$ cat protein_3.pdb   # PDB, C-alpha atoms
ATOM      1  CA  MET A   1      22.183   2.903  21.183
ATOM      2  CA  SER A   2      20.997  -0.660  21.552
ATOM      3  CA  ALA A   3      19.053  -2.246  18.731
ATOM      4  CA  THR A   4      15.298  -2.563  19.020
ATOM      5  CA  LYS A   5      13.606  -5.968  18.946
ATOM      6  CA  ALA A   6      12.776  -5.455  15.301
ATOM      7  CA  ALA A   7      11.820  -2.631  12.987
ATOM      8  CA  PHE A   8       8.744  -2.179  10.849
ATOM      9  CA  VAL A   9       8.865  -0.364   7.533
ATOM     10  CA  LEU A  10       5.340   0.693   6.591
ATOM     11  CA  VAL A  11       4.656   1.589   2.959
ATOM     12  CA  HIS A  12       1.435   3.380   2.108
ATOM     13  CA  GLY A  13      -0.884   2.574  -0.770
ATOM     14  CA  GLY A  14      -1.971   4.523  -3.800
ATOM     15  CA  TRP A  15      -2.986   8.175  -3.295
ATOM     16  CA  HIS A  16      -1.988   7.947   0.374
ATOM     17  CA  ASN A  17       1.144   8.993   2.242
ATOM     18  CA  HIS A  18       3.036   8.346   5.471
ATOM     19  CA  SER A  19       0.237   9.818   7.575
ATOM     20  CA  ALA A  20      -1.782   6.658   6.958
ATOM     21  CA  TRP A  21       0.264   5.078   9.738
ATOM     22  CA  ASP A  22      -0.147   7.808  12.349
ATOM     23  CA  LYS A  23      -2.310   5.608  14.586
ATOM     24  CA  VAL A  24      -0.187   2.490  14.177
ATOM     25  CA  THR A  25       3.369   3.672  14.704
ATOM     26  CA  PRO A  26       2.811   4.830  18.313
ATOM     27  CA  ILE A  27       1.465   1.395  19.221
ATOM     28  CA  LEU A  28       4.394  -0.404  17.655
ATOM     29  CA  GLU A  29       6.869   1.951  19.299
ATOM     30  CA  ALA A  30       5.192   1.557  22.685
ATOM     31  CA  ASN A  31       5.812  -2.174  22.333
ATOM     32  CA  GLY A  32       9.526  -1.692  21.742
ATOM     33  CA  PHE A  33       9.656  -1.769  17.972
ATOM     34  CA  ALA A  34      10.962   0.856  15.599
ATOM     35  CA  ALA A  35       8.431   1.933  12.990
ATOM     36  CA  LEU A  36       9.580   3.831   9.921
ATOM     37  CA  THR A  37       7.296   5.370   7.302
ATOM     38  CA  ILE A  38       7.829   7.186   4.044
ATOM     39  CA  ASP A  39       6.240   9.397   1.459
ATOM     40  CA  LEU A  40       6.896   7.529  -1.779
ATOM     41  CA  PRO A  41       7.961   9.549  -4.833
ATOM     42  CA  GLY A  42       4.866  11.434  -5.981
ATOM     43  CA  ALA A  43       3.136  11.124  -2.605
ATOM     44  CA  GLY A  44       2.775  13.326   0.476
ATOM     45  CA  VAL A  45       5.445  16.000   0.538
ATOM     46  CA  ASN A  46       6.601  14.737  -2.858
ATOM     47  CA  ALA A  47       3.200  15.097  -4.517
ATOM     48  CA  ILE A  48       2.653  17.671  -7.251
ATOM     49  CA  SER A  49      -0.938  18.521  -8.067
ATOM     50  CA  PRO A  50      -2.130  19.088 -11.627
ATOM     51  CA  THR A  51      -1.945  22.818 -12.341
ATOM     52  CA  SER A  52      -5.544  22.798 -13.552
ATOM     53  CA  LEU A  53      -6.648  22.324  -9.956
ATOM     54  CA  GLY A  54      -5.684  25.926  -9.307
ATOM     55  CA  LEU A  55      -7.831  27.364 -12.082
ATOM     56  CA  ARG A  56     -10.846  29.437 -11.030
ATOM     57  CA  PRO A  57     -13.484  28.780 -11.947
ATOM     58  CA  PHE A  58     -12.562  25.140 -11.773
ATOM     59  CA  ASP A  59     -12.335  23.601 -15.245
ATOM     60  CA  HIS A  60     -13.200  19.923 -14.912
ATOM     61  CA  ALA A  61     -12.460  19.210 -18.571
ATOM     62  CA  ALA A  62      -8.964  20.610 -18.173
ATOM     63  CA  PHE A  63      -8.465  18.632 -14.966
ATOM     64  CA  VAL A  64      -9.306  15.284 -16.510
ATOM     65  CA  ALA A  65      -7.172  15.965 -19.597
ATOM     66  CA  GLU A  66      -3.994  17.412 -18.059
ATOM     67  CA  ARG A  67      -0.917  15.235 -18.247
ATOM     68  CA  SER A  68       0.129  14.228 -14.773
ATOM     69  CA  PRO A  69       3.114  15.926 -13.135
ATOM     70  CA  SER A  70       3.823  12.452 -11.710
ATOM     71  CA  ALA A  71       3.679  10.634 -15.040
ATOM     72  CA  ASP A  72       7.405  10.021 -15.214
ATOM     73  CA  ILE A  73       7.789   8.570 -11.730
ATOM     74  CA  THR A  74       8.941   4.988 -12.067
ATOM     75  CA  GLN A  75       8.578   1.892  -9.974
ATOM     76  CA  ALA A  76      12.356   1.883  -9.758
ATOM     77  CA  GLU A  77      12.272   5.233  -7.953
ATOM     78  CA  ARG A  78       9.702   3.957  -5.494
ATOM     79  CA  THR A  79      11.709   0.808  -4.962
ATOM     80  CA  GLN A  80      14.955   2.603  -4.298
ATOM     81  CA  ALA A  81      13.314   4.967  -1.821
ATOM     82  CA  VAL A  82      12.039   2.042   0.232
ATOM     83  CA  VAL A  83      15.276   0.082  -0.087
ATOM     84  CA  ALA A  84      17.038   3.025   1.556
ATOM     85  CA  LEU A  85      14.487   3.051   4.371
ATOM     86  CA  VAL A  86      14.811  -0.703   4.895
ATOM     87  CA  LYS A  87      18.576  -0.302   5.215
ATOM     88  CA  GLU A  88      18.030   2.400   7.825
ATOM     89  CA  ALA A  89      15.590   0.157   9.680
ATOM     90  CA  ALA A  90      18.057  -2.716   9.515
ATOM     91  CA  SER A  91      20.696  -0.568  11.170
ATOM     92  CA  LEU A  92      18.305  -0.007  14.081
ATOM     93  CA  SER A  93      17.370  -3.640  14.539
ATOM     94  CA  ASP A  94      20.255  -5.949  13.664
ATOM     95  CA  SER A  95      18.664  -6.554  10.280
ATOM     96  CA  ARG A  96      15.334  -7.695  11.671
ATOM     97  CA  VAL A  97      12.914  -5.796   9.489
ATOM     98  CA  ILE A  98       9.239  -6.440   8.841
ATOM     99  CA  LEU A  99       8.303  -4.840   5.512
ATOM    100  CA  LEU A 100       4.625  -4.010   5.044
ATOM    101  CA  GLY A 101       2.852  -2.609   2.002
ATOM    102  CA  HIS A 102      -0.745  -1.459   1.937
ATOM    103  CA  SER A 103      -2.761  -1.879  -1.246
ATOM    104  CA  ALA A 104      -0.752  -0.711  -4.264
ATOM    105  CA  GLY A 105       2.230  -0.489  -1.917
ATOM    106  CA  GLY A 106       2.346  -4.250  -2.272
ATOM    107  CA  MET A 107       3.892  -3.822  -5.692
ATOM    108  CA  THR A 108       6.731  -1.810  -4.240
ATOM    109  CA  ILE A 109       7.486  -4.133  -1.351
ATOM    110  CA  SER A 110       7.773  -7.120  -3.688
ATOM    111  CA  ALA A 111      10.403  -5.255  -5.661
ATOM    112  CA  VAL A 112      12.164  -4.153  -2.468
ATOM    113  CA  ALA A 113      12.176  -7.676  -1.083
ATOM    114  CA  GLU A 114      13.985  -8.830  -4.171
ATOM    115  CA  GLN A 115      16.647  -6.195  -3.629
ATOM    116  CA  VAL A 116      17.354  -6.810   0.057
ATOM    117  CA  PRO A 117      15.908 -10.181   1.086
ATOM    118  CA  GLY A 118      18.631 -10.709   3.656
ATOM    119  CA  LEU A 119      17.443  -7.750   5.709
ATOM    120  CA  LEU A 120      13.850  -8.912   6.014
ATOM    121  CA  LEU A 121      12.204 -11.099   8.590
ATOM    122  CA  ALA A 122       8.865 -11.029   6.799
ATOM    123  CA  VAL A 123       6.933  -9.289   4.062
ATOM    124  CA  VAL A 124       3.348  -8.302   4.849
ATOM    125  CA  TYR A 125       0.708  -7.410   2.255
ATOM    126  CA  LEU A 126      -2.076  -5.433   3.919
ATOM    127  CA  SER A 127      -4.869  -5.789   1.380
ATOM    128  CA  GLY A 128      -1.865  -5.474  -0.852
ATOM    129  CA  PHE A 129      -1.174  -6.265  -4.448
ATOM    130  CA  LEU A 130       0.698  -9.523  -4.520
ATOM    131  CA  VAL A 131       0.903  -9.544  -8.284
ATOM    132  CA  PRO A 132       2.313 -11.703 -11.027
ATOM    133  CA  ASN A 133       5.790 -10.745 -12.146
ATOM    134  CA  GLY A 134       6.072  -7.452 -13.962
ATOM    135  CA  MET A 135       2.434  -6.407 -13.821
ATOM    136  CA  PRO A 136       2.171  -2.589 -13.610
ATOM    137  CA  LEU A 137      -0.333  -0.774 -11.425
ATOM    138  CA  LEU A 138      -2.642   0.195 -14.259
ATOM    139  CA  ALA A 139      -2.882  -3.384 -15.503
ATOM    140  CA  MET A 140      -3.592  -4.539 -11.969
ATOM    141  CA  LEU A 141      -6.360  -2.013 -11.546
ATOM    142  CA  GLN A 142      -7.895  -3.180 -14.824
ATOM    143  CA  HIS A 143      -7.553  -6.857 -13.939
ATOM    144  CA  GLU A 144     -10.768  -8.885 -13.925
ATOM    145  CA  SER A 145     -10.305  -9.624 -10.244
ATOM    146  CA  MET A 146     -10.823  -5.902  -9.623
ATOM    147  CA  SER A 147     -14.101  -5.825 -11.527
ATOM    148  CA  SER A 148     -16.172  -5.504  -8.363
ATOM    149  CA  ALA A 149     -13.857  -3.026  -6.652
ATOM    150  CA  LEU A 150     -15.239   0.412  -5.985
ATOM    151  CA  SER A 151     -12.108   2.489  -6.449
ATOM    152  CA  PRO A 152     -11.931   2.280 -10.275
ATOM    153  CA  ARG A 153     -15.173   4.253 -10.320
ATOM    154  CA  LEU A 154     -13.236   7.091  -8.709
ATOM    155  CA  PHE A 155     -10.835   7.418 -11.606
ATOM    156  CA  VAL A 156     -11.088  10.474 -13.819
ATOM    157  CA  GLY A 157      -9.459  11.069 -17.189
ATOM    158  CA  ASN A 158      -7.809   8.576 -19.491
ATOM    159  CA  PRO A 159      -4.853   7.105 -17.615
ATOM    160  CA  GLY A 160      -3.170   6.130 -20.868
ATOM    161  CA  ILE A 161      -3.179   9.762 -21.982
ATOM    162  CA  ILE A 162      -2.519  11.615 -18.745
ATOM    163  CA  GLY A 163       0.115   9.114 -17.625
ATOM    164  CA  ALA A 164      -1.411   8.421 -14.242
ATOM    165  CA  THR A 165      -4.403   6.969 -12.488
ATOM    166  CA  ARG A 166      -6.144  10.095 -11.204
ATOM    167  CA  ILE A 167      -8.745  10.613  -8.537
ATOM    168  CA  ASP A 168     -10.490  13.856  -7.648
ATOM    169  CA  ALA A 169      -9.461  13.740  -4.010
ATOM    170  CA  GLY A 170     -10.788  17.203  -3.223
ATOM    171  CA  SER A 171     -14.121  16.832  -4.941
ATOM    172  CA  THR A 172     -17.067  18.408  -3.185
ATOM    173  CA  ASP A 173     -19.560  16.340  -5.154
ATOM    174  CA  GLU A 174     -21.593  14.420  -2.595
ATOM    175  CA  ALA A 175     -21.915  11.235  -4.629
ATOM    176  CA  TYR A 176     -18.207  11.197  -5.412
ATOM    177  CA  ARG A 177     -17.253  11.718  -1.777
ATOM    178  CA  SER A 178     -19.606   8.949  -0.712
ATOM    179  CA  LEU A 179     -17.914   6.654  -3.186
ATOM    180  CA  LEU A 180     -14.509   7.730  -1.916
ATOM    181  CA  LYS A 181     -15.510   6.883   1.635
ATOM    182  CA  ALA A 182     -17.004   3.541   0.611
ATOM    183  CA  SER A 183     -13.884   2.661  -1.373
ATOM    184  CA  PHE A 184     -11.287   3.371   1.262
ATOM    185  CA  TYR A 185     -12.827   4.265   4.604
ATOM    186  CA  ALA A 186     -16.198   2.578   4.953
ATOM    187  CA  ASP A 187     -15.854   1.957   8.686
ATOM    188  CA  VAL A 188     -14.267   5.181   9.876
ATOM    189  CA  SER A 189     -16.081   8.160  11.313
ATOM    190  CA  GLU A 190     -17.074  11.067   9.130
ATOM    191  CA  SER A 191     -14.511  13.344  10.752
ATOM    192  CA  GLU A 192     -11.749  10.791  10.290
ATOM    193  CA  PHE A 193     -12.801  10.354   6.696
ATOM    194  CA  GLU A 194     -12.635  14.092   6.102
ATOM    195  CA  HIS A 195      -9.125  14.213   7.522
ATOM    196  CA  ALA A 196      -7.948  11.145   5.622
ATOM    197  CA  ALA A 197      -9.387  12.425   2.350
ATOM    198  CA  SER A 198      -7.626  15.737   2.846
ATOM    199  CA  GLN A 199      -4.320  13.871   2.886
ATOM    200  CA  LEU A 200      -4.794  12.156  -0.473
ATOM    201  CA  HIS A 201      -2.982  13.172  -3.618
ATOM    202  CA  HIS A 202      -4.484  12.949  -7.085
ATOM    203  CA  ASP A 203      -2.182  10.966  -9.326
ATOM    204  CA  GLU A 204      -0.492   7.595  -9.264
ATOM    205  CA  SER A 205       2.006   7.102 -12.054
ATOM    206  CA  ASN A 206       1.311   4.262 -14.466
ATOM    207  CA  ARG A 207       4.951   3.685 -15.378
ATOM    208  CA  ARG A 208       5.904   0.063 -15.762
ATOM    209  CA  PRO A 209       8.544  -1.446 -13.521
ATOM    210  CA  GLY A 210      12.015  -0.573 -14.754
ATOM    211  CA  PRO A 211      15.187  -2.645 -14.702
ATOM    212  CA  ILE A 212      15.282  -2.232 -10.944
ATOM    213  CA  GLY A 213      12.026  -3.331  -9.415
ATOM    214  CA  ASP A 214      11.305  -5.731 -12.230
ATOM    215  CA  TYR A 215       9.900  -8.684 -10.406
ATOM    216  CA  THR A 216      12.137 -11.647 -11.030
ATOM    217  CA  GLY A 217      10.610 -13.992  -8.544
ATOM    218  CA  LYS A 218      13.736 -14.108  -6.409
ATOM    219  CA  ILE A 219      11.738 -13.259  -3.331
ATOM    220  CA  TRP A 220       9.758 -16.432  -3.760
ATOM    221  CA  ASP A 221      12.978 -18.398  -3.580
ATOM    222  CA  SER A 222      14.192 -16.726  -0.423
ATOM    223  CA  ALA A 223      13.428 -17.771   3.112
ATOM    224  CA  THR A 224      11.429 -14.620   3.720
ATOM    225  CA  ALA A 225       7.927 -15.453   4.874
ATOM    226  CA  LEU A 226       4.979 -13.725   3.238
ATOM    227  CA  TYR A 227       1.943 -12.596   5.172
ATOM    228  CA  PRO A 228      -1.081 -11.516   3.165
ATOM    229  CA  LEU A 229      -3.218  -9.620   5.637
ATOM    230  CA  HIS A 230      -6.670  -9.640   4.198
ATOM    231  CA  ALA A 231      -8.753  -6.696   5.377
ATOM    232  CA  ARG A 232     -12.159  -8.016   4.443
ATOM    233  CA  SER A 233     -14.771  -5.385   4.081
ATOM    234  CA  ARG A 234     -18.211  -6.158   5.350
ATOM    235  CA  ASP A 235     -19.896  -3.939   2.833
ATOM    236  CA  SER A 236     -18.059  -4.659  -0.364
ATOM    237  CA  VAL A 237     -17.419  -7.776  -2.327
ATOM    238  CA  ASP A 238     -14.978 -10.196  -0.800
ATOM    239  CA  ARG A 239     -12.536 -10.861  -3.574
ATOM    240  CA  SER A 240     -11.040 -13.576  -1.446
ATOM    241  CA  GLY A 241      -7.407 -12.990  -1.951
ATOM    242  CA  SER A 242      -4.569 -10.600  -2.326
ATOM    243  CA  TYR A 243      -6.403  -8.918  -5.188
ATOM    244  CA  ASP A 244      -9.080  -7.624  -2.853
ATOM    245  CA  CYS A 245      -7.591  -4.167  -3.011
ATOM    246  CA  ASP A 246      -9.256  -0.858  -3.595
ATOM    247  CA  GLY A 247      -6.195   1.228  -4.182
TER
ATOM    248  CA  MET B   1      -5.858 -15.688  -5.416
ATOM    249  CA  ILE B   2      -3.739 -16.014  -2.306
ATOM    250  CA  ALA B   3      -4.039 -19.776  -2.664
ATOM    251  CA  THR B   4      -2.862 -19.517  -6.252
ATOM    252  CA  VAL B   5       0.134 -17.413  -5.347
ATOM    253  CA  ASP B   6       0.872 -19.598  -2.369
ATOM    254  CA  GLY B   7       0.847 -22.684  -4.549
ATOM    255  CA  THR B   8       3.209 -21.043  -6.976
ATOM    256  CA  ILE B   9       5.751 -20.187  -4.332
ATOM    257  CA  GLY B  10       5.557 -23.365  -2.336
ATOM    258  CA  GLY B  11       3.328 -22.588   0.590
ATOM    259  CA  LYS B  12       5.235 -19.686   2.123
ATOM    260  CA  THR B  13       2.267 -17.506   2.918
ATOM    261  CA  THR B  14       0.369 -17.211   6.162
ATOM    262  CA  THR B  15      -2.904 -15.330   5.823
ATOM    263  CA  HIS B  16      -4.446 -13.205   8.565
ATOM    264  CA  THR B  17      -7.923 -11.751   8.259
ATOM    265  CA  LEU B  18      -9.261  -8.569   9.779
ATOM    266  CA  GLU B  19     -12.899  -7.594   9.436
ATOM    267  CA  SER B  20     -12.548  -3.989   8.398
ATOM    268  CA  SER B  21     -12.683  -1.549   5.545
ATOM    269  CA  HIS B  22      -9.729  -1.102   3.226
ATOM    270  CA  SER B  23      -8.064   1.079   5.854
ATOM    271  CA  PRO B  24      -7.745  -0.822   9.145
ATOM    272  CA  PHE B  25      -4.832   1.450  10.064
ATOM    273  CA  LEU B  26      -7.525   4.063  10.668
ATOM    274  CA  SER B  27     -10.458   2.025  11.912
ATOM    275  CA  GLN B  28      -8.677  -0.716  13.867
ATOM    276  CA  PRO B  29      -5.116   0.388  14.572
ATOM    277  CA  ALA B  30      -4.860  -1.662  17.767
ATOM    278  CA  ASN B  31      -6.060  -4.872  16.133
ATOM    279  CA  LEU B  32      -3.825  -4.319  13.138
ATOM    280  CA  SER B  33      -0.832  -3.605  15.364
ATOM    281  CA  LYS B  34      -1.474  -6.761  17.360
ATOM    282  CA  ILE B  35      -1.394  -8.853  14.199
ATOM    283  CA  LEU B  36       1.799  -7.155  13.074
ATOM    284  CA  ILE B  37       3.457  -7.765  16.412
ATOM    285  CA  ASP B  38       2.337 -11.401  16.336
ATOM    286  CA  ILE B  39       3.856 -11.756  12.881
ATOM    287  CA  CYS B  40       7.078 -10.232  14.122
ATOM    288  CA  VAL B  41       7.260 -12.455  17.198
ATOM    289  CA  GLN B  42       6.574 -15.532  15.095
ATOM    290  CA  SER B  43       9.211 -14.521  12.555
ATOM    291  CA  LEU B  44      11.795 -13.900  15.250
ATOM    292  CA  ALA B  45      11.056 -17.299  16.739
ATOM    293  CA  GLU B  46      11.437 -18.995  13.368
ATOM    294  CA  GLN B  47      14.691 -17.153  12.804
ATOM    295  CA  SER B  48      15.987 -18.386  16.149
ATOM    296  CA  VAL B  49      15.087 -21.977  15.306
ATOM    297  CA  GLU B  50      16.790 -21.711  11.921
ATOM    298  CA  ALA B  51      19.914 -20.369  13.600
ATOM    299  CA  LEU B  52      20.246 -23.449  15.817
TER
END
$ encode --input "protein_3.pdb" --output "structure tokens"
Amino acid sequence: MSATKAAFVLVHGGWHNHSAWDKVTPILEANGFAALTIDLPGAGVNAISPTSLGLRPFDHAAFVAERSPSADITQAERTQAVVALVKEAASLSDSRVILLGHSAGGMTISAVAEQVPGLLLAVVYLSGFLVPNGMPLLAMLQHESMSSALSPRLFVGNPGIIGATRIDAGSTDEAYRSLLKASFYADVSESEFEHAASQLHHDESNRRPGPIGDYTGKIWDSATALYPLHARSRDSVDRSGSYDCDG
Amino acid sequence: MIATVDGTIGGKTTTHTLESSHSPFLSQPANLSKILIDICVQSLAEQSVEAL
């Protein structure tokens, strides 16, 4: 099989999964590119919901206090999963891979780029976290530059205790669902929002980067170009930079 | 913040802007894909120049 022009590896953001790219991959493929997606550890098919979600009647206090089943997932695991996908993409494209991370996925692609810079044509941060070396997700979400972001108001429970940043993705509370839509999907239709929300998982692990995925800054020294792609919301504060992320 | 990061790493970033929510892959998949393809084409061109 001949190699494609280039291959995209698309990494979803927090609480999302590979289905985020369902409208994009057909377009890229129709233009002759390969487009590979993934469910990161703890996401999509790999997600494990808190057991308290299954209790009836629903016990909100138990839900916000339960330790996350995803608490032990590390950045290193996320990094290695994407490194493997990049290598697969490279085999399809003569090592011409565009690596994209949405939102919190930006943290993973930085770590991946350090592992395999020679396989990458470019690294793209789609409203992605382009963070200082070693900063974990929880610290990023609590950073002052996120003070006007909507998504932190979605968080339930104490992330330091439950080991994850948790959202109530299946909430039927009208105000909460309105906030969820405003945070992530302000300009999509109600039906698309309902579908997208149904795909979300609840927990994002707070584990710090491990020995692999610890940002050394090597990527900055490589020839790989960086493309922050700033999705600027019309109805939320423009944080004017790569920290403009809501998840 | 992009400017700060860009200054730190020596001007290696190129910023594209899309007027959308946080999820343009849902609301503007065609526009997002066009930007991605443009990035790819530009990167391939730069790679070709470097190879000369």
$ atom_distance --input "protein_3.pdb" --atom1 "CA of His195 in chain A" --atom2 "CA of Val11 in chain A"
19.2 Å
$ closest_residue --input "protein_3.pdb" --among "A:Ser178, A:Thr172, A:Asn206, A:Ser189" --to "chain B" --atoms "all atoms listed in the file"
A:Ser189
$ atom_distance --input "protein_3.pdb" --atom1 "CA of Leu55 in chain A" --atom2 "CA of Glu194 in chain A"
23.0 Å
$ resolve_selection --input "protein_3.pdb" --expression "the ChimeraX specification (/A :<6) & /B" --output "PyMOL selection string"
chain B and resi 1-2+9+12-23+27+29
$ closest_residue --input "protein_3.pdb" --among "A:Pro117, A:Gly160, A:Gly105, A:Pro69" --to "Asn46 in chain A" --atoms "all atoms listed in the file"
A:Pro69
$ resolve_selection --input "protein_3.pdb" --expression "the PyMOL selection byres ((chain A and resi 37-40) around 12)" --output "ChimeraX atom specification"
/A:7-22,24-26,34-36,41-47,70,73-86,88-89,99-102,104-105,108-109,199-201,204-205
$ axis_aligned_box --input "protein_3.pdb" --around "range 34-44 of chain B" --padding-each-side "5 Å" --output "lines of an AutoDock Vina configuration file"
center_x = 5.2
center_y = -11.1
center_z = 15.0
size_x = 23.3
size_y = 18.8
size_z = 14.8
$ atom_distance --input "protein_3.pdb" --atom1 "CA of Arg177 in chain A" --atom2 "CA of Ala71 in chain A"
24.8 Å
$ residues_around --input "protein_3.pdb" --residues "Asp168 in chain A" --least-positions-apart "4" --cutoff "12 Å" --atoms "all atoms listed in the file" --output "list in words"
Trp15, Ser49, Pro50, Ser52, Leu53, His60, Phe63, Val64, Ser151, Pro152, Arg153, Leu154, Phe155, Val156, Gly157, Thr172, Asp173, Tyr176, Arg177, Leu179, Leu180, Ala197, Ser198, Leu200, His201, His202, Asp203 and Glu204 of chain A
$ write_last_selection --input "protein_3.pdb" --atoms "C-alpha atoms" --output "short mmCIF file (atom, residue, chain, number, x, y, z; two decimals), in the frame of the given file"
data_model
loop_
_atom_site.label_atom_id
_atom_site.label_comp_id
_atom_site.auth_asym_id
_atom_site.auth_seq_id
_atom_site.Cartn_x
_atom_site.Cartn_y
_atom_site.Cartn_z
CA TRP A 15 -2.99 8.18 -3.30
CA SER A 49 -0.94 18.52 -8.07
CA PRO A 50 -2.13 19.09 -11.63
CA SER A 52 -5.54 22.80 -13.55
CA LEU A 53 -6.65 22.32 -9.96
CA HIS A 60 -13.20 19.92 -14.91
CA PHE A 63 -8.46 18.63 -14.97
CA VAL A 64 -9.31 15.28 -16.51
CA SER A 151 -12.11 2.49 -6.45
CA PRO A 152 -11.93 2.28 -10.28
CA ARG A 153 -15.17 4.25 -10.32
CA LEU A 154 -13.24 7.09 -8.71
CA PHE A 155 -10.84 7.42 -11.61
CA VAL A 156 -11.09 10.47 -13.82
CA GLY A 157 -9.46 11.07 -17.19
CA THR A 172 -17.07 18.41 -3.18
CA ASP A 173 -19.56 16.34 -5.15
CA TYR A 176 -18.21 11.20 -5.41
CA ARG A 177 -17.25 11.72 -1.78
CA LEU A 179 -17.91 6.65 -3.19
CA LEU A 180 -14.51 7.73 -1.92
CA ALA A 197 -9.39 12.42 2.35
CA SER A 198 -7.63 15.74 2.85
CA LEU A 200 -4.79 12.16 -0.47
CA HIS A 201 -2.98 13.17 -3.62
CA HIS A 202 -4.48 12.95 -7.08
CA ASP A 203 -2.18 10.97 -9.33
CA GLU A 204 -0.49 7.60 -9.26
#
$ decode --input "protein_3.pdb" --residues "range 75-89 of chain A" --atoms "N, CA and C atoms" --output "short mmCIF file (atom, residue, chain, number, x, y, z; two decimals), in the first residue's frame"
data_model
loop_
_atom_site.label_atom_id
_atom_site.label_comp_id
_atom_site.auth_asym_id
_atom_site.auth_seq_id
_atom_site.Cartn_x
_atom_site.Cartn_y
_atom_site.Cartn_z
N GLN A 75 0.00 10.23 33.49
CA GLN A 75 0.32 10.88 32.22
C GLN A 75 1.19 9.97 31.37
N ALA A 76 2.04 9.21 32.02
CA ALA A 76 2.91 8.30 31.27
C ALA A 76 2.09 7.30 30.46
N GLU A 77 1.00 6.82 31.03
CA GLU A 77 0.15 5.87 30.30
C GLU A 77 -0.50 6.55 29.10
N ARG A 78 -0.96 7.75 29.31
CA ARG A 78 -1.56 8.49 28.18
C ARG A 78 -0.50 8.72 27.09
N THR A 79 0.67 9.10 27.53
CA THR A 79 1.73 9.40 26.58
C THR A 79 2.09 8.17 25.75
N GLN A 80 2.25 7.05 26.42
CA GLN A 80 2.65 5.85 25.70
C GLN A 80 1.58 5.39 24.72
N ALA A 81 0.32 5.57 25.09
CA ALA A 81 -0.76 5.18 24.18
C ALA A 81 -0.70 6.00 22.90
N VAL A 82 -0.42 7.28 23.02
CA VAL A 82 -0.37 8.13 21.83
C VAL A 82 0.93 7.93 21.05
N VAL A 83 2.01 7.67 21.76
CA VAL A 83 3.27 7.36 21.05
C VAL A 83 3.06 6.16 20.13
N ALA A 84 2.37 5.15 20.62
CA ALA A 84 2.11 3.96 19.79
C ALA A 84 1.29 4.33 18.56
N LEU A 85 0.31 5.21 18.74
CA LEU A 85 -0.53 5.61 17.61
C LEU A 85 0.27 6.46 16.62
N VAL A 86 1.14 7.30 17.11
CA VAL A 86 1.98 8.11 16.22
C VAL A 86 2.88 7.19 15.38
N LYS A 87 3.41 6.17 16.00
CA LYS A 87 4.27 5.24 15.25
C LYS A 87 3.46 4.53 14.17
N GLU A 88 2.22 4.18 14.48
CA GLU A 88 1.36 3.57 13.47
C GLU A 88 1.09 4.56 12.34
N ALA A 89 0.80 5.79 12.70
CA ALA A 89 0.55 6.82 11.68
C ALA A 89 1.80 7.06 10.83
#
